[in-house]
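What follows is a set of notes on a single structure, which appears directly below.
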Amino acid sequence: MLQGLKEMIKRRTKATIGKNNLKTEILAGVTSFFAISYIMIVNPLILSDAGIPVNLSIFATIIISVLGCLLMAVWANAPIILTPGMGVNAFFTYTLVVGMHFTWQVAIAVSLVSSFLYLVIAFTPLSRVLAESIPDVLKTGITVGIGLFLVELGLEKAGLITAGSNGSLLAFGSLQNPTTLLALFGLTLTVILYVKKIPGNFIIGIIVTSLVGAAFKIKGQATTVDVTQIKEYGKLLFQGDFQEIGQLKFWLAVFSMTMILVFESMGLLEGLLPDKNKFKKSFQSSAITALLSGICGTSPTVAAAESAAGIESGGRTGIVAGVASLLFASSIFLVRFLKYVPEAAIAPVIIITGALMMQQLQHIQIQDFSEWFPAFLIIVLIPLSGSIAIGLSFGFVSYPILKIMTKKTDISPIMWILSMLFLINLVCTAFLN
């Protein structure tokens, strides 16, 4: 792999003479890596709620990130980091496993089928058709809704919100709880680091908060992780369980996850890529890595929004992703320190990531109610129902209805088909429950 990466760097360097220098690309890769490095801790903790062992999930997260970034570097030559997606992992855990009562092995099977369909779309004209047919407001609504869902999840892990009583949906947590106070400290510190644009702000926040937690004897993770445990990693490989593939709810889950992967990836790549001509191969790289994710035993990958950190630093080629791939590979020798990281140190990163995704609200024409209301339904129903699929269904069904009522009939046939499929999804879900 190292020799191949060296050859790739030589080719990319020659191709960018006069446009970008190698030093800028390497520094951009380091910046992007540190911006997204928290995923090595956060993703396994979210997936642990689905029953996937934390220690093995850490290896899965690192390995698929190495493969995804390397593929993005070699195939797409784009400065995009591919890692397990925040939001997609929440769908995997809290919708498929907790909500629909799948085992994590069945959820892996759902991911594999969804990623295969994503792959078909990416390598056929369907990708262009969907990109042109689906209104941007709905793509944006998905990103914002998942962001709000992550904020809710982070606040819950921080102990800042709890289940409500006396008829209220939620209630404020106790500030007498040491874990909550530690999370507040971590949130304050990480926000300050972020607005100051300190490189590696998220990982620095996690490390400092963990050290403070250790000083006050606030426990980290119960799981002990060591690089020698990688020999047990085979327990996560090829674990997809297809025993429920004949069930309707399996295909409802596949439909929802496919829509999330396709539209979230489209939205992220369209917003991140400095060179839009690289969209097709970047989209294909994302689809291939998403499929490999299921084989490796983790939730699907997407383009990391944190790739923007490296792009803003001047990164324009696949060297950025190649450097990140090497750094992910190197980090596998540091996993033993993850046992000292408490949830209170992770919660601030989840909250801030959600808030960053919610910034996309600025691109929605709120003054046009026929545009705003479908997006609004997606945004509020995802966190309030605890189901990304429910939010998508209401948004996609309501959009053409409102457009017809306002005599705006420029709705594509593809949009009508998807709206009908989402309506069927809602009806079937109602009967299954």
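Quick note on naming: the chains in the structure tokens go A, B, ... in the order shown, residues restart at 1 in each chain, and ligands are numbered from 1 in order of appearance.
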Which neighbours of Gly213 of chain A fall inside 10 Å, counting only C-alpha atoms, when residues of the same chain fewer than 6 positions from it are skipped, and could you give them as a CSV table (one decimal) with N, CA and C atoms, in the first residue's frame?
```csv
chain,number,residue,atom,x,y,z
A,178,PRO,N,-21.8,14.8,38.1
A,178,PRO,CA,-20.4,15.1,37.7
A,178,PRO,C,-20.2,14.9,36.2
A,179,THR,N,-20.9,13.9,35.6
A,179,THR,CA,-20.7,13.6,34.2
A,179,THR,C,-21.3,14.7,33.4
A,181,LEU,N,-21.5,17.9,34.3
A,181,LEU,CA,-20.6,19.0,34.5
A,181,LEU,C,-19.4,18.9,33.6
A,182,LEU,N,-18.9,17.6,33.5
A,182,LEU,CA,-17.7,17.4,32.7
A,182,LEU,C,-18.1,17.6,31.2
A,183,ALA,N,-19.2,17.2,30.8
A,183,ALA,CA,-19.7,17.4,29.4
A,183,ALA,C,-19.8,18.9,29.1
A,186,GLY,N,-16.4,20.2,28.6
A,186,GLY,CA,-15.9,19.8,27.3
A,186,GLY,C,-16.6,20.5,26.2
A,207,ILE,N,-9.4,14.9,24.3
A,207,ILE,CA,-8.3,14.5,25.1
A,207,ILE,C,-8.3,15.3,26.4
A,219,LYS,N,-15.3,7.9,35.2
A,219,LYS,CA,-14.8,6.8,34.5
A,219,LYS,C,-14.9,6.9,33.0
A,220,GLY,N,-13.9,6.3,32.3
A,220,GLY,CA,-14.0,6.2,30.8
A,220,GLY,C,-14.7,5.0,30.4
A,340,TYR,N,-9.8,5.4,28.2
A,340,TYR,CA,-9.8,6.5,29.2
A,340,TYR,C,-10.8,7.6,28.7
A,341,VAL,N,-11.5,7.4,27.6
A,341,VAL,CA,-12.4,8.4,27.1
A,341,VAL,C,-13.8,8.2,27.6
A,342,PRO,N,-14.3,9.1,28.4
A,342,PRO,CA,-15.7,8.9,28.9
A,342,PRO,C,-16.7,9.5,27.8
A,344,ALA,N,-18.8,11.6,28.3
A,344,ALA,CA,-18.9,13.1,28.5
A,344,ALA,C,-17.9,13.8,27.6
A,345,ALA,N,-16.9,13.2,27.2
A,345,ALA,CA,-15.9,13.8,26.3
A,345,ALA,C,-16.3,13.7,24.9
```
Exercise for review: Write out as a list in words each polymer residue whose atoms come within 8 Å of Met72 of chain A, counting only C-alpha atoms; drop sequence neighbours fewer than 5 positions from it.
Suggested key: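 Listing them by chain and then by number gives Asn77, Ala78, Pro79, Ile80, Ile81, Leu82, Ser282, Ser285, Ser286, Gly318, Ala321 and Gly322 of chain A.
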Keeping only N, CA and C atoms, write those residues as a PDB file, in the first residue's frame.
```pdb
ATOM      1  N   ASN A  77      -9.064  11.266  -7.107  1.00  0.00           N
ATOM      2  CA  ASN A  77      -8.113  12.372  -7.005  1.00  0.00           C
ATOM      3  C   ASN A  77      -8.772  13.611  -6.384  1.00  0.00           C
ATOM      4  N   ALA A  78      -9.540  13.372  -5.326  1.00  0.00           N
ATOM      5  CA  ALA A  78     -10.281  14.464  -4.694  1.00  0.00           C
ATOM      6  C   ALA A  78      -9.876  14.593  -3.217  1.00  0.00           C
ATOM      7  N   PRO A  79      -9.919  15.801  -2.673  1.00  0.00           N
ATOM      8  CA  PRO A  79      -9.504  16.030  -1.278  1.00  0.00           C
ATOM      9  C   PRO A  79     -10.625  15.736  -0.274  1.00  0.00           C
ATOM     10  N   ILE A  80     -11.258  14.565  -0.435  1.00  0.00           N
ATOM     11  CA  ILE A  80     -12.411  14.201   0.384  1.00  0.00           C
ATOM     12  C   ILE A  80     -12.054  13.021   1.285  1.00  0.00           C
ATOM     13  N   ILE A  81     -12.436  13.123   2.552  1.00  0.00           N
ATOM     14  CA  ILE A  81     -12.202  12.057   3.524  1.00  0.00           C
ATOM     15  C   ILE A  81     -13.464  11.202   3.632  1.00  0.00           C
ATOM     16  N   LEU A  82     -13.303   9.897   3.520  1.00  0.00           N
ATOM     17  CA  LEU A  82     -14.430   8.978   3.665  1.00  0.00           C
ATOM     18  C   LEU A  82     -14.298   8.219   4.983  1.00  0.00           C
ATOM     19  N   SER A 282     -15.908  10.794  -7.306  1.00  0.00           N
ATOM     20  CA  SER A 282     -15.998  10.894  -5.849  1.00  0.00           C
ATOM     21  C   SER A 282     -17.244  10.177  -5.330  1.00  0.00           C
ATOM     22  N   SER A 285     -16.580   6.517  -5.570  1.00  0.00           N
ATOM     23  CA  SER A 285     -15.692   6.085  -4.483  1.00  0.00           C
ATOM     24  C   SER A 285     -16.463   5.930  -3.181  1.00  0.00           C
ATOM     25  N   SER A 286     -17.360   6.879  -2.931  1.00  0.00           N
ATOM     26  CA  SER A 286     -18.182   6.831  -1.727  1.00  0.00           C
ATOM     27  C   SER A 286     -19.066   5.587  -1.716  1.00  0.00           C
ATOM     28  N   GLY A 318      -6.072  14.372  -4.584  1.00  0.00           N
ATOM     29  CA  GLY A 318      -6.187  13.145  -3.802  1.00  0.00           C
ATOM     30  C   GLY A 318      -5.062  12.943  -2.811  1.00  0.00           C
ATOM     31  N   ALA A 321      -6.435  13.058   0.713  1.00  0.00           N
ATOM     32  CA  ALA A 321      -7.047  11.818   1.180  1.00  0.00           C
ATOM     33  C   ALA A 321      -5.999  10.734   1.412  1.00  0.00           C
ATOM     34  N   GLY A 322      -4.952  10.698   0.570  1.00  0.00           N
ATOM     35  CA  GLY A 322      -3.884   9.719   0.740  1.00  0.00           C
ATOM     36  C   GLY A 322      -3.143   9.900   2.048  1.00  0.00           C
TER      37      GLY A 322
END
```
Practice item. Figure out the distance between atom CA of Leu112 of chain A and atom CA of Leu291 of chain A, please, to one decimal in Å. Key: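 For atom CA of Leu291 of chain A relative to atom CA of Leu112 of chain A, the distance reads 5.7 Å.
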Point to revise | Separation of atom CA of Thr95 of chain A from atom CA of Ser387 of chain A, in Å and rounded to one decimal | key: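 Rounded to one decimal, the two atoms are 5.6 Å apart.
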**Study point:** Shortest interatomic distance to Leu269 of chain A - which of A:Val195, A:Met358, A:Ala303, A:Ile206, counting only C-alpha atoms
**Key:**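 Smallest distance to Leu269 of chain A is found for A:Ala303.
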Review point. So which residues of segment 152-266 of chain A fall under alpha helix (DSSP H) by DSSP, listed as a PyMOL selection string?
Key: chain A and resi 152-158+178-195+201-215+248-266
Point to revise | d(atom CA of Val74 of chain A, atom CA of Ser325 of chain A) in Å | key: 11.2 Å
Exercise for review: Using only C-alpha atoms, determine which residues lie at most 12 Å from Pro84 of chain A, disregarding the query and same-chain residues fewer than 5 positions distant; provide the list as a ChimeraX atom specification.
Suggested key: /A:36-44,46-47,57-58,60-69,89-92,111,261,265,286,289-294,296-305
Exercise for review: If you run DSSP over the backbone, which residues in segment 153-256 of chain A end up strand (DSSP E or B)? Put them as number ranges by chain.
Suggested key: A: 161-163, 170-172
Practice item. Kindly indicate which residue among A:Leu423, A:Met357, A:Ala50, A:Leu22 lies nearest to Val397 of chain A, using only C-alpha atoms for the distances. Key: A:Leu423
Revision key, fill the gap. Among A:Ile192, A:Leu56, A:Ile382, A:Val129, Gln229 of chain A is approached most closely, using only C-alpha atoms, by A:Leu56
Review point. Out of A:Val151, A:Asp368, A:Lys407, A:Ser393, which residue has the shortest atom-to-atom distance to Met420 of chain A when counting only C-alpha atoms?
Key: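 Checking each of A:Val151, A:Asp368, A:Lys407, A:Ser393 against Met420 of chain A, counting only C-alpha atoms, the winner is A:Ser393.
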Exercise for review: Would you list the contacts of Gln105 of chain A as JSON, numbers by chain, taking every protein, DNA or RNA residue within 9 Å and counting only C-alpha atoms, but skipping same-chain residues closer than 6 positions in sequence?
Suggested key: {"A": [52, 239, 240, 241, 242, 297]}
Exercise for review: Show which residues sit within 10 Å of segment 308-311 of chain A, as a PyMOL selection string. Count only C-alpha atoms, and ignore same-chain residues fewer than 5 positions away.
Suggested key: chain A and resi 24-36+78-81+197+199-200+271-274+316-317+320-321
Save out the residues we just selected, C-alpha atoms, as a short mmCIF file (atom, residue, chain, number, x, y, z; two decimals), in the first residue's frame.
```
data_model
loop_
_atom_site.label_atom_id
_atom_site.label_comp_id
_atom_site.auth_asym_id
_atom_site.auth_seq_id
_atom_site.Cartn_x
_atom_site.Cartn_y
_atom_site.Cartn_z
CA THR A 24 0.26 22.41 0.87
CA GLU A 25 -1.45 19.13 -0.04
CA ILE A 26 0.25 17.19 2.77
CA LEU A 27 -0.56 19.83 5.39
CA ALA A 28 -4.16 19.88 4.16
CA GLY A 29 -4.28 16.10 4.59
CA VAL A 30 -2.99 16.35 8.15
CA THR A 31 -5.55 19.07 8.88
CA SER A 32 -8.45 17.02 7.52
CA PHE A 33 -7.32 13.95 9.47
CA PHE A 34 -7.22 15.75 12.81
CA ALA A 35 -10.56 17.40 12.07
CA ILE A 36 -12.25 13.99 11.60
CA ALA A 78 -10.28 14.46 -4.69
CA PRO A 79 -9.50 16.03 -1.28
CA ILE A 80 -12.41 14.20 0.38
CA ILE A 81 -12.20 12.06 3.52
CA LYS A 197 -9.93 27.55 14.32
CA PRO A 199 -6.19 22.62 14.15
CA GLY A 200 -7.43 19.33 15.61
CA GLY A 271 -21.05 21.36 -1.26
CA LEU A 272 -17.46 20.27 -0.57
CA LEU A 273 -15.73 19.65 -3.89
CA PRO A 274 -13.69 22.62 -5.18
CA ARG A 316 -7.22 20.29 -4.02
CA THR A 317 -6.09 16.76 -4.96
CA VAL A 320 -5.08 15.06 0.92
CA ALA A 321 -7.05 11.82 1.18
#
```
